file upload_28.pdb (PDB, C-alpha atoms and all ligand atoms)
MODEL        1
ATOM      1  CA  MET A  11     -15.847  16.907   4.235  1.00  0.00           C
ATOM      2  CA  ILE A  12     -14.906  20.237   2.624  1.00  0.00           C
ATOM      3  CA  LYS A  13     -11.462  18.823   1.968  1.00  0.00           C
ATOM      4  CA  ASN A  14     -13.045  15.978   0.036  1.00  0.00           C
ATOM      5  CA  LYS A  15     -15.164  18.404  -1.961  1.00  0.00           C
ATOM      6  CA  ILE A  16     -12.095  20.390  -2.912  1.00  0.00           C
ATOM      7  CA  LYS A  17     -10.247  17.231  -3.872  1.00  0.00           C
ATOM      8  CA  LYS A  18     -13.177  16.156  -5.988  1.00  0.00           C
ATOM      9  CA  ALA A  19     -13.387  19.532  -7.689  1.00  0.00           C
ATOM     10  CA  VAL A  20      -9.658  19.525  -8.386  1.00  0.00           C
ATOM     11  CA  GLY A  21      -9.863  15.967  -9.699  1.00  0.00           C
ATOM     12  CA  TRP A  22     -12.721  16.925 -11.975  1.00  0.00           C
ATOM     13  CA  PHE A  23     -10.827  19.978 -13.199  1.00  0.00           C
ATOM     14  CA  VAL A  24      -7.652  17.994 -13.852  1.00  0.00           C
ATOM     15  CA  ASN A  25      -9.636  15.402 -15.741  1.00  0.00           C
ATOM     16  CA  LEU A  26     -11.271  18.078 -17.825  1.00  0.00           C
ATOM     17  CA  PHE A  27      -7.889  19.069 -19.167  1.00  0.00           C
ATOM     18  CA  ARG A  28      -6.610  15.563 -19.464  1.00  0.00           C
ATOM     19  CA  ASN A  29      -9.559  14.070 -21.222  1.00  0.00           C
ATOM     20  CA  GLU A  30      -7.207  12.349 -23.606  1.00  0.00           C
ATOM     21  CA  ILE A  31      -6.336  10.017 -20.748  1.00  0.00           C
ATOM     22  CA  GLU A  32      -7.663   6.581 -21.280  1.00  0.00           C
ATOM     23  CA  TYR A  33      -7.666   3.691 -18.897  1.00  0.00           C
ATOM     24  CA  LYS A  34      -5.855   0.616 -19.963  1.00  0.00           C
ATOM     25  CA  THR A  35      -6.502  -2.874 -18.728  1.00  0.00           C
ATOM     26  CA  VAL A  36      -4.032  -5.018 -16.840  1.00  0.00           C
ATOM     27  CA  THR A  37      -4.925  -8.603 -16.089  1.00  0.00           C
ATOM     28  CA  CYS A  38      -3.441 -10.391 -13.107  1.00  0.00           C
ATOM     29  CA  GLU A  39      -4.029 -13.466 -10.971  1.00  0.00           C
ATOM     30  CA  ASP A  40      -3.864 -11.539  -7.704  1.00  0.00           C
ATOM     31  CA  LEU A  41      -4.230  -7.898  -6.801  1.00  0.00           C
ATOM     32  CA  PRO A  42      -0.840  -6.198  -7.156  1.00  0.00           C
ATOM     33  CA  ASP A  43       0.933  -4.513  -4.247  1.00  0.00           C
ATOM     34  CA  TYR A  44       1.184  -1.270  -6.126  1.00  0.00           C
ATOM     35  CA  PHE A  45      -1.506   0.357  -8.225  1.00  0.00           C
ATOM     36  CA  GLU A  46      -0.885   2.706 -11.096  1.00  0.00           C
ATOM     37  CA  LYS A  47      -3.189   5.501 -12.116  1.00  0.00           C
ATOM     38  CA  ASN A  48      -5.386   5.090 -15.158  1.00  0.00           C
ATOM     39  CA  VAL A  49      -5.267   1.328 -15.033  1.00  0.00           C
ATOM     40  CA  LEU A  50      -8.171  -1.038 -14.539  1.00  0.00           C
ATOM     41  CA  TYR A  51      -6.906  -4.238 -12.988  1.00  0.00           C
ATOM     42  CA  LEU A  52      -8.795  -7.395 -13.779  1.00  0.00           C
ATOM     43  CA  VAL A  53      -8.159 -10.234 -11.380  1.00  0.00           C
ATOM     44  CA  GLY A  54      -8.762 -13.764 -12.536  1.00  0.00           C
ATOM     45  CA  GLU A  55      -7.522 -16.682 -14.545  1.00  0.00           C
ATOM     46  CA  ASN A  56      -8.180 -17.977 -18.043  1.00  0.00           C
ATOM     47  CA  LYS A  57     -10.149 -14.863 -19.006  1.00  0.00           C
ATOM     48  CA  GLN A  58     -12.542 -15.488 -16.125  1.00  0.00           C
ATOM     49  CA  PHE A  59     -12.339 -12.402 -13.963  1.00  0.00           C
ATOM     50  CA  TRP A  60     -13.893 -12.151 -10.547  1.00  0.00           C
ATOM     51  CA  GLN A  61     -12.657  -8.766  -9.476  1.00  0.00           C
ATOM     52  CA  ALA A  62     -11.809  -5.386 -10.929  1.00  0.00           C
ATOM     53  CA  ALA A  63      -9.753  -2.771  -9.109  1.00  0.00           C
ATOM     54  CA  MET A  64      -8.689   0.770  -9.874  1.00  0.00           C
ATOM     55  CA  LEU A  65      -7.501   3.859  -8.081  1.00  0.00           C
ATOM     56  CA  CYS A  66     -10.340   6.312  -7.699  1.00  0.00           C
ATOM     57  CA  PRO A  67     -10.254   8.615 -10.759  1.00  0.00           C
ATOM     58  CA  CYS A  68     -10.845  11.686  -8.582  1.00  0.00           C
ATOM     59  CA  ASN A  69      -7.244  11.284  -7.330  1.00  0.00           C
ATOM     60  CA  CYS A  70      -8.282  10.810  -3.705  1.00  0.00           C
ATOM     61  CA  GLY A  71      -5.935   7.838  -3.618  1.00  0.00           C
ATOM     62  CA  ASP A  72      -8.547   5.294  -2.571  1.00  0.00           C
ATOM     63  CA  LEU A  73      -8.555   1.881  -4.160  1.00  0.00           C
ATOM     64  CA  ILE A  74     -11.889   0.887  -5.620  1.00  0.00           C
ATOM     65  CA  GLN A  75     -12.592  -2.822  -5.779  1.00  0.00           C
ATOM     66  CA  LEU A  76     -15.507  -4.135  -7.769  1.00  0.00           C
ATOM     67  CA  THR A  77     -16.948  -7.610  -7.751  1.00  0.00           C
ATOM     68  CA  LEU A  78     -17.341  -9.219 -11.145  1.00  0.00           C
ATOM     69  CA  ASP A  79     -18.304 -12.621  -9.794  1.00  0.00           C
ATOM     70  CA  THR A  80     -21.857 -13.393 -10.841  1.00  0.00           C
ATOM     71  CA  LYS A  81     -22.690 -14.472  -7.301  1.00  0.00           C
ATOM     72  CA  GLY A  82     -21.551 -11.166  -5.818  1.00  0.00           C
ATOM     73  CA  LYS A  83     -23.889  -8.320  -5.013  1.00  0.00           C
ATOM     74  CA  PRO A  84     -23.550  -5.652  -6.131  1.00  0.00           C
ATOM     75  CA  ARG A  85     -21.618  -6.774  -9.150  1.00  0.00           C
ATOM     76  CA  TRP A  86     -20.230  -5.169 -12.260  1.00  0.00           C
ATOM     77  CA  GLN A  87     -19.576  -6.252 -15.791  1.00  0.00           C
ATOM     78  CA  VAL A  88     -16.512  -5.324 -17.791  1.00  0.00           C
ATOM     79  CA  TYR A  89     -16.422  -5.173 -21.548  1.00  0.00           C
ATOM     80  CA  LEU A  90     -13.246  -4.676 -23.527  1.00  0.00           C
ATOM     81  CA  ASN A  91     -13.317  -3.120 -26.960  1.00  0.00           C
ATOM     82  CA  LYS A  92     -10.931  -4.079 -29.761  1.00  0.00           C
ATOM     83  CA  LYS A  93      -8.197  -1.916 -28.269  1.00  0.00           C
ATOM     84  CA  SER A  94      -8.752  -3.511 -24.844  1.00  0.00           C
ATOM     85  CA  LYS A  95     -10.240  -0.291 -23.533  1.00  0.00           C
ATOM     86  CA  PRO A  96     -12.520  -1.177 -20.657  1.00  0.00           C
ATOM     87  CA  THR A  97     -16.170  -0.313 -20.153  1.00  0.00           C
ATOM     88  CA  LEU A  98     -17.682  -0.843 -16.718  1.00  0.00           C
ATOM     89  CA  HIS A  99     -21.354  -1.409 -16.166  1.00  0.00           C
ATOM     90  CA  PRO A 100     -23.140  -0.091 -14.144  1.00  0.00           C
ATOM     91  CA  SER A 101     -21.632   3.181 -12.946  1.00  0.00           C
ATOM     92  CA  VAL A 102     -19.444   3.345  -9.851  1.00  0.00           C
ATOM     93  CA  HIS A 103     -21.043   5.364  -7.074  1.00  0.00           C
ATOM     94  CA  ARG A 104     -19.041   5.518  -3.884  1.00  0.00           C
ATOM     95  CA  ASN A 105     -21.026   6.023  -0.702  1.00  0.00           C
ATOM     96  CA  VAL A 106     -17.927   6.732   1.397  1.00  0.00           C
ATOM     97  CA  ASN A 107     -15.136   9.311   1.394  1.00  0.00           C
ATOM     98  CA  CYS A 108     -15.050  11.205  -1.910  1.00  0.00           C
ATOM     99  CA  ARG A 109     -18.484   9.890  -3.037  1.00  0.00           C
ATOM    100  CA  SER A 110     -17.357   9.873  -6.634  1.00  0.00           C
ATOM    101  CA  HIS A 111     -19.915   8.778  -9.178  1.00  0.00           C
ATOM    102  CA  TYR A 112     -18.631   7.930 -12.607  1.00  0.00           C
ATOM    103  CA  ILE A 113     -18.884   5.692 -15.598  1.00  0.00           C
ATOM    104  CA  LEU A 114     -15.905   4.099 -17.265  1.00  0.00           C
ATOM    105  CA  ARG A 115     -16.672   3.873 -20.961  1.00  0.00           C
ATOM    106  CA  GLU A 116     -14.154   2.611 -23.495  1.00  0.00           C
ATOM    107  CA  GLY A 117     -11.345   3.614 -21.169  1.00  0.00           C
ATOM    108  CA  LYS A 118     -12.658   7.106 -20.450  1.00  0.00           C
ATOM    109  CA  VAL A 119     -14.050   8.348 -17.171  1.00  0.00           C
ATOM    110  CA  ILE A 120     -17.372  10.118 -17.470  1.00  0.00           C
ATOM    111  CA  TRP A 121     -18.440  11.915 -14.313  1.00  0.00           C
ATOM    112  CA  CYS A 122     -22.047  11.738 -13.199  1.00  0.00           C
ATOM    113  CA  LYS A 123     -23.621  14.628 -11.347  1.00  0.00           C
TER     114      LYS A 123
HETATM  115 ZN    ZN B   1     -12.093   9.453  -5.003  1.00  0.00          ZN
ENDMDL
END
call {"tool": "encode", "arguments": {"input": "upload_28.pdb", "output": "structure tokens", "more": "lines below"}}
Ligand SMILES: [Zn+2]
result
Amino acid sequence: MIKNKIKKAVGWFVNLFRNEIEYKTVTCEDLPDYFEKNVLYLVGENKQFWQAAMLCPCNCGDLIQLTLDTKGKPRWQVYLNKKSKPTLHPSVHRNVNCRSHYILREGKVIWCK
């Protein structure tokens, strides 16, 4: 538990000094075997995406998978701006492990308290 808190604090600190980092979007038909940092993966076909996945931005190493399918609950929506920078709605609030709570807006991670 304390270990997770330290990891979260370090992740927050690192992000503070790397706030120029922006997530990019990679589209794929299936989840890849290997995930890169600072990438939001959109899984689907023909611009219909049913799943988003990303490594947790706190650097805990966990993979976060989000349902985009309209039948899923809970579900998220992804918007891409002109530069394909992703915005996720609503926020991501993990209730396990690192318990990160953040918003991804135009490719940037905004931490919630
Ligand atoms: Zn995390």
call {"tool": "residues_near_point", "arguments": {"input": "upload_28.pdb", "point": "(-20.3, -13.4, -14.8)", "cutoff": "12 Å", "atoms": "all atoms listed in the file", "output": "ChimeraX atom specification"}}
result
/A:54,57-61,77-83,85-89
call {"tool": "closest_residue", "arguments": {"input": "upload_28.pdb", "among": "A:Cys108, A:Cys68, A:Leu50, A:Val24", "to": "Ile12 (chain A)", "atoms": "all atoms listed in the file"}}
result
A:Cys108
call {"tool": "residues_near_ligand", "arguments": {"input": "upload_28.pdb", "ligand": "ligand ZN 1 (chain B)", "cutoff": "8 Å", "atoms": "only C-alpha atoms and all ligand atoms", "output": "PyMOL selection string"}}
result
chain A and resi 18+65-72+107-110
call {"tool": "atom_distance", "arguments": {"input": "upload_28.pdb", "atom1": "CA of Pro84 (chain A)", "atom2": "CA of Phe23 (chain A)"}}
result
29.5 Å
call {"tool": "closest_residue", "arguments": {"input": "upload_28.pdb", "among": "A:Asn14, A:Ile74, A:Lys95, A:Asn56", "to": "Val36 (chain A)", "atoms": "only C-alpha atoms"}}
result
A:Lys95
call {"tool": "resolve_selection", "arguments": {"input": "upload_28.pdb", "expression": "the PyMOL selection byres (((chain A and resi 122) around 9) and not hetatm)", "output": "PyMOL selection string"}}
result
chain A and resi 101+103+110-113+120-121+123
call {"tool": "atom_distance", "arguments": {"input": "upload_28.pdb", "atom1": "CA of Lys17 (chain A)", "atom2": "CA of Asn105 (chain A)"}}
result
15.9 Å
call {"tool": "atom_distance", "arguments": {"input": "upload_28.pdb", "atom1": "CA of Leu90 (chain A)", "atom2": "CA of Cys38 (chain A)"}}
result
15.4 Å
call {"tool": "resolve_selection", "arguments": {"input": "upload_28.pdb", "expression": "the PyMOL selection byres (((chain A and resi 35) around 12) and not hetatm)", "output": "PyMOL selection string"}}
result
chain A and resi 32-34+36-38+46-53+62-64+88-98+114+116-118
call {"tool": "closest_residue", "arguments": {"input": "upload_28.pdb", "among": "A:Leu76, A:Val119, A:Met11, A:Ile16", "to": "Leu41 (chain A)", "atoms": "all atoms listed in the file"}}
result
A:Leu76
call {"tool": "closest_residue", "arguments": {"input": "upload_28.pdb", "among": "A:Leu73, A:Pro100, A:Val106, A:Gly21", "to": "Asp43 (chain A)", "atoms": "all atoms listed in the file"}}
result
A:Leu73
